[in-house]
Structures are given as C-alpha cells and as structure tokens.
file start_33.cif (mmCIF, N, CA and C atoms)
data_my_file
#
loop_
_atom_site.label_atom_id
_atom_site.label_comp_id
_atom_site.auth_asym_id
_atom_site.auth_seq_id
_atom_site.Cartn_x
_atom_site.Cartn_y
_atom_site.Cartn_z
N MET P 42 -17.10 -17.31 -75.63
CA MET P 42 -16.30 -16.53 -76.56
C MET P 42 -14.82 -16.76 -76.27
N SER P 43 -14.02 -16.74 -77.30
CA SER P 43 -12.58 -16.88 -77.11
C SER P 43 -12.01 -15.57 -76.56
N PRO P 44 -10.85 -15.63 -75.93
CA PRO P 44 -10.25 -14.40 -75.41
C PRO P 44 -10.06 -13.33 -76.50
N ARG P 45 -9.67 -13.75 -77.69
CA ARG P 45 -9.46 -12.78 -78.78
C ARG P 45 -10.79 -12.12 -79.18
N ARG P 46 -11.86 -12.92 -79.27
CA ARG P 46 -13.17 -12.36 -79.61
C ARG P 46 -13.71 -11.49 -78.49
N ASP P 47 -13.49 -11.90 -77.24
CA ASP P 47 -13.89 -11.07 -76.10
C ASP P 47 -13.23 -9.71 -76.19
N HIS P 48 -11.93 -9.71 -76.48
CA HIS P 48 -11.18 -8.45 -76.55
C HIS P 48 -11.71 -7.57 -77.67
N ALA P 49 -11.94 -8.14 -78.83
CA ALA P 49 -12.47 -7.37 -79.97
C ALA P 49 -13.86 -6.83 -79.64
N ALA P 50 -14.70 -7.64 -78.99
CA ALA P 50 -16.04 -7.20 -78.62
C ALA P 50 -15.97 -6.07 -77.59
N ALA P 51 -15.05 -6.20 -76.63
CA ALA P 51 -14.88 -5.15 -75.62
C ALA P 51 -14.43 -3.84 -76.27
N GLU P 52 -13.50 -3.91 -77.22
CA GLU P 52 -13.07 -2.70 -77.93
C GLU P 52 -14.23 -2.05 -78.67
N ASP P 53 -15.03 -2.85 -79.35
CA ASP P 53 -16.19 -2.31 -80.06
C ASP P 53 -17.19 -1.67 -79.09
N ALA P 54 -17.41 -2.32 -77.96
CA ALA P 54 -18.33 -1.78 -76.97
C ALA P 54 -17.83 -0.44 -76.44
N VAL P 55 -16.54 -0.35 -76.14
CA VAL P 55 -15.97 0.91 -75.66
C VAL P 55 -16.15 2.01 -76.71
N ARG P 56 -15.91 1.67 -77.98
CA ARG P 56 -16.13 2.66 -79.05
C ARG P 56 -17.56 3.18 -79.04
N HIS P 57 -18.52 2.29 -78.88
CA HIS P 57 -19.93 2.71 -78.84
C HIS P 57 -20.17 3.67 -77.67
N VAL P 58 -19.64 3.33 -76.51
CA VAL P 58 -19.84 4.18 -75.33
C VAL P 58 -19.17 5.54 -75.53
N LEU P 59 -17.93 5.55 -76.01
CA LEU P 59 -17.22 6.82 -76.19
C LEU P 59 -17.86 7.66 -77.29
N ASP P 60 -18.34 7.02 -78.34
CA ASP P 60 -19.06 7.77 -79.38
C ASP P 60 -20.32 8.40 -78.81
N ARG P 61 -21.00 7.70 -77.94
CA ARG P 61 -22.20 8.24 -77.29
C ARG P 61 -21.85 9.50 -76.48
N LEU P 62 -20.64 9.55 -75.94
CA LEU P 62 -20.21 10.72 -75.17
C LEU P 62 -19.79 11.88 -76.07
N GLY P 63 -19.63 11.62 -77.36
CA GLY P 63 -19.31 12.69 -78.29
C GLY P 63 -17.90 13.23 -78.17
N LEU P 64 -16.98 12.41 -77.69
CA LEU P 64 -15.59 12.86 -77.58
C LEU P 64 -15.01 13.00 -78.98
N PRO P 65 -14.44 14.16 -79.32
CA PRO P 65 -13.94 14.36 -80.68
C PRO P 65 -12.66 13.60 -80.99
N THR P 66 -11.79 13.46 -80.01
CA THR P 66 -10.48 12.83 -80.24
C THR P 66 -10.11 12.01 -79.01
N TYR P 67 -9.72 10.78 -79.24
CA TYR P 67 -9.28 9.94 -78.12
C TYR P 67 -8.55 8.72 -78.66
N LEU P 68 -7.76 8.12 -77.81
CA LEU P 68 -7.15 6.81 -78.03
C LEU P 68 -7.54 5.96 -76.84
N PHE P 69 -7.65 4.66 -77.03
CA PHE P 69 -7.98 3.83 -75.88
C PHE P 69 -7.44 2.41 -76.06
N ALA P 70 -7.34 1.73 -74.93
CA ALA P 70 -6.95 0.32 -74.90
C ALA P 70 -7.78 -0.35 -73.82
N VAL P 71 -8.06 -1.62 -74.01
CA VAL P 71 -8.78 -2.38 -73.00
C VAL P 71 -7.94 -3.58 -72.58
N ARG P 72 -8.09 -3.94 -71.32
CA ARG P 72 -7.34 -5.08 -70.79
C ARG P 72 -8.23 -5.79 -69.77
N LEU P 73 -8.37 -7.09 -69.92
CA LEU P 73 -9.16 -7.88 -68.98
C LEU P 73 -8.30 -8.21 -67.77
N GLU P 74 -8.82 -7.89 -66.60
CA GLU P 74 -8.13 -8.17 -65.33
C GLU P 74 -9.13 -8.88 -64.43
N GLY P 75 -9.04 -10.19 -64.39
CA GLY P 75 -10.01 -10.97 -63.63
C GLY P 75 -11.37 -10.92 -64.30
N ASP P 76 -12.36 -10.44 -63.57
CA ASP P 76 -13.71 -10.36 -64.13
C ASP P 76 -14.09 -8.93 -64.51
N ARG P 77 -13.09 -8.05 -64.63
CA ARG P 77 -13.35 -6.66 -64.98
C ARG P 77 -12.41 -6.22 -66.10
N TRP P 78 -12.92 -5.33 -66.94
CA TRP P 78 -12.10 -4.70 -67.97
C TRP P 78 -11.54 -3.40 -67.42
N THR P 79 -10.28 -3.15 -67.67
CA THR P 79 -9.70 -1.83 -67.43
C THR P 79 -9.65 -1.15 -68.79
N VAL P 80 -10.19 0.05 -68.85
CA VAL P 80 -10.21 0.83 -70.08
C VAL P 80 -9.32 2.04 -69.85
N VAL P 81 -8.25 2.15 -70.63
CA VAL P 81 -7.32 3.28 -70.53
C VAL P 81 -7.61 4.19 -71.72
N ILE P 82 -8.02 5.41 -71.41
CA ILE P 82 -8.40 6.37 -72.45
C ILE P 82 -7.44 7.55 -72.37
N GLU P 83 -6.91 7.93 -73.51
CA GLU P 83 -6.08 9.13 -73.61
C GLU P 83 -6.85 10.15 -74.43
N LEU P 84 -6.93 11.38 -73.90
CA LEU P 84 -7.64 12.42 -74.61
C LEU P 84 -6.96 13.76 -74.37
N PRO P 85 -7.08 14.68 -75.34
CA PRO P 85 -6.42 15.98 -75.18
C PRO P 85 -7.20 16.87 -74.22
N ARG P 86 -6.45 17.52 -73.33
CA ARG P 86 -7.02 18.48 -72.40
C ARG P 86 -5.98 19.57 -72.17
N ASP P 87 -6.39 20.81 -72.37
CA ASP P 87 -5.51 21.96 -72.10
C ASP P 87 -4.15 21.84 -72.77
N GLY P 88 -4.15 21.41 -74.02
CA GLY P 88 -2.92 21.36 -74.80
C GLY P 88 -2.03 20.16 -74.57
N ALA P 89 -2.49 19.22 -73.74
CA ALA P 89 -1.69 18.01 -73.48
C ALA P 89 -2.62 16.81 -73.46
N TRP P 90 -2.03 15.63 -73.64
CA TRP P 90 -2.82 14.41 -73.56
C TRP P 90 -2.91 13.97 -72.11
N ARG P 91 -4.10 13.59 -71.71
CA ARG P 91 -4.36 13.13 -70.35
C ARG P 91 -4.84 11.68 -70.41
N GLU P 92 -4.42 10.89 -69.44
CA GLU P 92 -4.83 9.48 -69.38
C GLU P 92 -5.85 9.29 -68.26
N VAL P 93 -6.92 8.59 -68.60
CA VAL P 93 -7.97 8.26 -67.63
C VAL P 93 -8.14 6.75 -67.65
N ARG P 94 -8.18 6.15 -66.47
CA ARG P 94 -8.41 4.70 -66.35
C ARG P 94 -9.79 4.48 -65.76
N LEU P 95 -10.56 3.64 -66.45
CA LEU P 95 -11.91 3.31 -66.01
C LEU P 95 -12.04 1.80 -65.91
N ARG P 96 -13.01 1.34 -65.15
CA ARG P 96 -13.22 -0.10 -65.00
C ARG P 96 -14.67 -0.42 -65.31
N ALA P 97 -14.90 -1.61 -65.80
CA ALA P 97 -16.25 -2.09 -66.07
C ALA P 97 -16.26 -3.60 -65.88
N PRO P 98 -17.32 -4.12 -65.29
CA PRO P 98 -17.44 -5.57 -65.18
C PRO P 98 -17.41 -6.21 -66.58
N ARG P 99 -16.79 -7.35 -66.67
CA ARG P 99 -16.63 -8.05 -67.95
C ARG P 99 -17.97 -8.22 -68.66
N VAL P 100 -18.95 -8.76 -67.96
CA VAL P 100 -20.25 -9.05 -68.56
C VAL P 100 -20.94 -7.76 -68.99
N GLU P 101 -20.86 -6.71 -68.19
CA GLU P 101 -21.54 -5.46 -68.53
C GLU P 101 -20.95 -4.83 -69.78
N LEU P 102 -19.63 -4.80 -69.88
CA LEU P 102 -19.02 -4.17 -71.05
C LEU P 102 -19.35 -4.97 -72.31
N LEU P 103 -19.30 -6.27 -72.24
CA LEU P 103 -19.64 -7.07 -73.42
C LEU P 103 -21.12 -6.90 -73.79
N ALA P 104 -21.99 -6.73 -72.81
CA ALA P 104 -23.41 -6.50 -73.08
C ALA P 104 -23.63 -5.16 -73.77
N ALA P 105 -22.75 -4.20 -73.51
CA ALA P 105 -22.89 -2.86 -74.12
C ALA P 105 -22.75 -2.90 -75.63
N LEU P 106 -22.14 -3.93 -76.16
CA LEU P 106 -21.96 -4.02 -77.60
C LEU P 106 -23.29 -3.99 -78.33
N GLY P 107 -24.29 -4.67 -77.79
CA GLY P 107 -25.57 -4.75 -78.49
C GLY P 107 -26.74 -4.15 -77.74
N ASP P 108 -26.48 -3.47 -76.63
CA ASP P 108 -27.57 -2.96 -75.81
C ASP P 108 -27.39 -1.47 -75.53
N PRO P 109 -28.15 -0.61 -76.22
CA PRO P 109 -28.01 0.83 -76.02
C PRO P 109 -28.25 1.28 -74.58
N SER P 110 -29.10 0.57 -73.83
CA SER P 110 -29.33 0.98 -72.44
C SER P 110 -28.07 0.77 -71.59
N VAL P 111 -27.33 -0.29 -71.88
CA VAL P 111 -26.06 -0.52 -71.16
C VAL P 111 -25.03 0.53 -71.61
N GLN P 112 -25.03 0.86 -72.88
CA GLN P 112 -24.13 1.93 -73.37
C GLN P 112 -24.42 3.23 -72.65
N ARG P 113 -25.70 3.58 -72.50
CA ARG P 113 -26.06 4.82 -71.81
C ARG P 113 -25.62 4.78 -70.36
N ARG P 114 -25.82 3.64 -69.70
CA ARG P 114 -25.43 3.51 -68.30
C ARG P 114 -23.92 3.70 -68.12
N LEU P 115 -23.13 3.03 -68.98
CA LEU P 115 -21.67 3.20 -68.89
C LEU P 115 -21.26 4.62 -69.23
N ALA P 116 -21.89 5.22 -70.23
CA ALA P 116 -21.57 6.60 -70.61
C ALA P 116 -21.83 7.54 -69.43
N ALA P 117 -22.95 7.35 -68.76
CA ALA P 117 -23.27 8.21 -67.61
C ALA P 117 -22.26 8.01 -66.48
N ARG P 118 -21.80 6.79 -66.29
CA ARG P 118 -20.83 6.50 -65.23
C ARG P 118 -19.45 7.06 -65.57
N TRP P 119 -19.07 7.00 -66.86
CA TRP P 119 -17.72 7.43 -67.26
C TRP P 119 -17.63 8.93 -67.55
N ALA P 120 -18.72 9.56 -67.87
CA ALA P 120 -18.69 10.97 -68.30
C ALA P 120 -17.96 11.89 -67.32
N PRO P 121 -18.22 11.83 -66.02
CA PRO P 121 -17.52 12.75 -65.11
C PRO P 121 -16.00 12.62 -65.16
N ALA P 122 -15.50 11.41 -65.25
CA ALA P 122 -14.05 11.19 -65.28
C ALA P 122 -13.43 11.71 -66.59
N LEU P 123 -14.23 11.73 -67.65
CA LEU P 123 -13.73 12.16 -68.96
C LEU P 123 -14.02 13.63 -69.24
N GLY P 124 -14.72 14.29 -68.34
CA GLY P 124 -15.06 15.69 -68.59
C GLY P 124 -16.02 15.84 -69.75
N ALA P 125 -16.90 14.86 -69.91
CA ALA P 125 -17.85 14.87 -71.04
C ALA P 125 -19.27 14.93 -70.50
N SER P 126 -20.17 15.30 -71.36
CA SER P 126 -21.58 15.21 -71.00
C SER P 126 -22.21 14.12 -71.86
N VAL P 127 -23.21 13.47 -71.33
CA VAL P 127 -23.82 12.35 -72.04
C VAL P 127 -24.76 12.86 -73.10
N ALA P 128 -24.50 12.42 -74.35
CA ALA P 128 -25.41 12.76 -75.45
C ALA P 128 -26.64 11.87 -75.36
N ALA P 129 -27.74 12.38 -75.85
CA ALA P 129 -29.01 11.63 -75.75
C ALA P 129 -28.97 10.39 -76.62
#
call {"tool": "encode", "arguments": {"input": "start_33.cif", "output": "structure tokens"}}
result
Amino acid sequence: MSPRRDHAAAEDAVRHVLDRLGLPTYLFAVRLEGDRWTVVIELPRDGAWREVRLRAPRVELLAALGDPSVQRRLAARWAPALGASVAA
C-alpha cells in the first residue's frame, strides 16, 4: 500500500474502533512513527477538551479496518484511556 492509502486506511480503522466505543464526540489524527501508529484523540471531558495519545502496531491497526475481532481488541485496549466502556 502507498503511504497515502495506508494513512487513509488507518483513519478508517480508527473510526471503526472509536465508533465501537460509542464515543459521542471526538476529533482524531493518526501519524505513522516507524512500525507503529500514534493516534491522537481529543474528546470533551468536564467542560474542556482533553487529548489522549494511543499507539497501535502498524499491521494491527490496518487489520482492524476489515476485522471486527481486531476492532474489539483495540477498543478493549483503548477504552480505559478514553474513559469509555466497550460496546458489544
């Protein structure tokens, strides 16, 4: 995959994972750093926006695009940092 397609696929995968968490409002960006993606998520908490940085292996995040089991695994891993509970 080209870097541009990788980035678009990673963004789509993150959307799937965050939607699975049921977050009502958020902004996010992804950045490839070596063999891992850094995912920067901004979400409202207690009247202010809070930033959370998460990491995921490159291959795992790209696999999440088409694999619900990988989406669930990432959602479970990210939920505590985001103050979310994992939706079924």
call {"tool": "resolve_selection", "arguments": {"input": "start_33.cif", "expression": "the PyMOL selection byres ((chain P and resi 97) around 8)", "output": "VMD selection string"}}
result
chain P and resid 76 to 80 94 to 96 98 to 103
call {"tool": "write_last_selection", "arguments": {"input": "start_33.cif", "atoms": "N, CA and C atoms", "output": "short mmCIF file (atom, residue, chain, number, x, y, z; two decimals), in the coordinates of the input"}}
result
data_model
loop_
_atom_site.label_atom_id
_atom_site.label_comp_id
_atom_site.auth_asym_id
_atom_site.auth_seq_id
_atom_site.Cartn_x
_atom_site.Cartn_y
_atom_site.Cartn_z
N ASP P 76 -12.36 -10.44 -63.57
CA ASP P 76 -13.71 -10.36 -64.13
C ASP P 76 -14.09 -8.93 -64.51
N ARG P 77 -13.09 -8.05 -64.63
CA ARG P 77 -13.35 -6.66 -64.98
C ARG P 77 -12.41 -6.22 -66.10
N TRP P 78 -12.92 -5.33 -66.94
CA TRP P 78 -12.10 -4.70 -67.97
C TRP P 78 -11.54 -3.40 -67.42
N THR P 79 -10.28 -3.15 -67.67
CA THR P 79 -9.70 -1.83 -67.43
C THR P 79 -9.65 -1.15 -68.79
N VAL P 80 -10.19 0.05 -68.85
CA VAL P 80 -10.21 0.83 -70.08
C VAL P 80 -9.32 2.04 -69.85
N ARG P 94 -8.18 6.15 -66.47
CA ARG P 94 -8.41 4.70 -66.35
C ARG P 94 -9.79 4.48 -65.76
N LEU P 95 -10.56 3.64 -66.45
CA LEU P 95 -11.91 3.31 -66.01
C LEU P 95 -12.04 1.80 -65.91
N ARG P 96 -13.01 1.34 -65.15
CA ARG P 96 -13.22 -0.10 -65.00
C ARG P 96 -14.67 -0.42 -65.31
N PRO P 98 -17.32 -4.12 -65.29
CA PRO P 98 -17.44 -5.57 -65.18
C PRO P 98 -17.41 -6.21 -66.58
N ARG P 99 -16.79 -7.35 -66.67
CA ARG P 99 -16.63 -8.05 -67.95
C ARG P 99 -17.97 -8.22 -68.66
N VAL P 100 -18.95 -8.76 -67.96
CA VAL P 100 -20.25 -9.05 -68.56
C VAL P 100 -20.94 -7.76 -68.99
N GLU P 101 -20.86 -6.71 -68.19
CA GLU P 101 -21.54 -5.46 -68.53
C GLU P 101 -20.95 -4.83 -69.78
N LEU P 102 -19.63 -4.80 -69.88
CA LEU P 102 -19.02 -4.17 -71.05
C LEU P 102 -19.35 -4.97 -72.31
N LEU P 103 -19.30 -6.27 -72.24
CA LEU P 103 -19.64 -7.07 -73.42
C LEU P 103 -21.12 -6.90 -73.79
#
call {"tool": "resolve_selection", "arguments": {"input": "start_33.cif", "expression": "the PyMOL selection byres ((chain P and resi 52-67) around 7)", "output": "mmCIF file with N, CA and C atoms, in the coordinates of the input"}}
result
data_model
loop_
_atom_site.group_PDB
_atom_site.id
_atom_site.type_symbol
_atom_site.label_atom_id
_atom_site.label_comp_id
_atom_site.auth_asym_id
_atom_site.auth_seq_id
_atom_site.Cartn_x
_atom_site.Cartn_y
_atom_site.Cartn_z
ATOM 1 N N ASP P 47 -13.490 -11.900 -77.240
ATOM 2 C CA ASP P 47 -13.890 -11.070 -76.100
ATOM 3 C C ASP P 47 -13.230 -9.710 -76.190
ATOM 4 N N HIS P 48 -11.930 -9.710 -76.480
ATOM 5 C CA HIS P 48 -11.180 -8.450 -76.550
ATOM 6 C C HIS P 48 -11.710 -7.570 -77.670
ATOM 7 N N ALA P 49 -11.940 -8.140 -78.830
ATOM 8 C CA ALA P 49 -12.470 -7.370 -79.970
ATOM 9 C C ALA P 49 -13.860 -6.830 -79.640
ATOM 10 N N ALA P 50 -14.700 -7.640 -78.990
ATOM 11 C CA ALA P 50 -16.040 -7.200 -78.620
ATOM 12 C C ALA P 50 -15.970 -6.070 -77.590
ATOM 13 N N ALA P 51 -15.050 -6.200 -76.630
ATOM 14 C CA ALA P 51 -14.880 -5.150 -75.620
ATOM 15 C C ALA P 51 -14.430 -3.840 -76.270
ATOM 16 N N LEU P 68 -7.760 8.120 -77.810
ATOM 17 C CA LEU P 68 -7.150 6.810 -78.030
ATOM 18 C C LEU P 68 -7.540 5.960 -76.840
ATOM 19 N N PHE P 69 -7.650 4.660 -77.030
ATOM 20 C CA PHE P 69 -7.980 3.830 -75.880
ATOM 21 C C PHE P 69 -7.440 2.410 -76.060
ATOM 22 N N VAL P 71 -8.060 -1.620 -74.010
ATOM 23 C CA VAL P 71 -8.780 -2.380 -73.000
ATOM 24 C C VAL P 71 -7.940 -3.580 -72.580
ATOM 25 N N ILE P 82 -8.020 5.410 -71.410
ATOM 26 C CA ILE P 82 -8.400 6.370 -72.450
ATOM 27 C C ILE P 82 -7.440 7.550 -72.370
ATOM 28 N N GLU P 83 -6.910 7.930 -73.510
ATOM 29 C CA GLU P 83 -6.080 9.130 -73.610
ATOM 30 C C GLU P 83 -6.850 10.150 -74.430
ATOM 31 N N LEU P 84 -6.930 11.380 -73.900
ATOM 32 C CA LEU P 84 -7.640 12.420 -74.610
ATOM 33 C C LEU P 84 -6.960 13.760 -74.370
ATOM 34 N N PRO P 85 -7.080 14.680 -75.340
ATOM 35 C CA PRO P 85 -6.420 15.980 -75.180
ATOM 36 C C PRO P 85 -7.200 16.870 -74.220
ATOM 37 N N LEU P 102 -19.630 -4.800 -69.880
ATOM 38 C CA LEU P 102 -19.020 -4.170 -71.050
ATOM 39 C C LEU P 102 -19.350 -4.970 -72.310
ATOM 40 N N LEU P 103 -19.300 -6.270 -72.240
ATOM 41 C CA LEU P 103 -19.640 -7.070 -73.420
ATOM 42 C C LEU P 103 -21.120 -6.900 -73.790
ATOM 43 N N ALA P 105 -22.750 -4.200 -73.510
ATOM 44 C CA ALA P 105 -22.890 -2.860 -74.120
ATOM 45 C C ALA P 105 -22.750 -2.900 -75.630
ATOM 46 N N LEU P 106 -22.140 -3.930 -76.160
ATOM 47 C CA LEU P 106 -21.960 -4.020 -77.600
ATOM 48 C C LEU P 106 -23.290 -3.990 -78.330
ATOM 49 N N GLY P 107 -24.290 -4.670 -77.790
ATOM 50 C CA GLY P 107 -25.570 -4.750 -78.490
ATOM 51 C C GLY P 107 -26.740 -4.150 -77.740
ATOM 52 N N GLN P 112 -25.030 0.860 -72.880
ATOM 53 C CA GLN P 112 -24.130 1.930 -73.370
ATOM 54 C C GLN P 112 -24.420 3.230 -72.650
ATOM 55 N N ARG P 113 -25.700 3.580 -72.500
ATOM 56 C CA ARG P 113 -26.060 4.820 -71.810
ATOM 57 C C ARG P 113 -25.620 4.780 -70.360
ATOM 58 N N LEU P 115 -23.130 3.030 -68.980
ATOM 59 C CA LEU P 115 -21.670 3.200 -68.890
ATOM 60 C C LEU P 115 -21.260 4.620 -69.230
ATOM 61 N N ALA P 116 -21.890 5.220 -70.230
ATOM 62 C CA ALA P 116 -21.570 6.600 -70.610
ATOM 63 C C ALA P 116 -21.830 7.540 -69.430
ATOM 64 N N ALA P 125 -16.900 14.860 -69.910
ATOM 65 C CA ALA P 125 -17.850 14.870 -71.040
ATOM 66 C C ALA P 125 -19.270 14.930 -70.500
ATOM 67 N N SER P 126 -20.170 15.300 -71.360
ATOM 68 C CA SER P 126 -21.580 15.210 -71.000
ATOM 69 C C SER P 126 -22.210 14.120 -71.860
ATOM 70 N N VAL P 127 -23.210 13.470 -71.330
ATOM 71 C CA VAL P 127 -23.820 12.350 -72.040
ATOM 72 C C VAL P 127 -24.760 12.860 -73.100
ATOM 73 N N ALA P 128 -24.500 12.420 -74.350
ATOM 74 C CA ALA P 128 -25.410 12.760 -75.450
ATOM 75 C C ALA P 128 -26.640 11.870 -75.360
ATOM 76 N N ALA P 129 -27.740 12.380 -75.850
ATOM 77 C CA ALA P 129 -29.010 11.630 -75.750
ATOM 78 C C ALA P 129 -28.970 10.390 -76.620
#
call {"tool": "atom_distance", "arguments": {"input": "start_33.cif", "atom1": "atom C of Ala70 in chain P", "atom2": "CA of Ala89 in chain P"}}
result
19.3 Å
call {"tool": "atom_distance", "arguments": {"input": "start_33.cif", "atom1": "CA of Arg86 in chain P", "atom2": "CA of Leu123 in chain P"}}
result
9.8 Å
call {"tool": "atom_distance", "arguments": {"input": "start_33.cif", "atom1": "atom C of Ser110 in chain P", "atom2": "CA of Arg91 in chain P"}}
result
26.8 Å
call {"tool": "select_by_dssp", "arguments": {"input": "start_33.cif", "residues": "chain P", "states": "helix (DSSP H, G or I)", "output": "ChimeraX atom specification"}}
result
/P:44-62,99-105,109-123
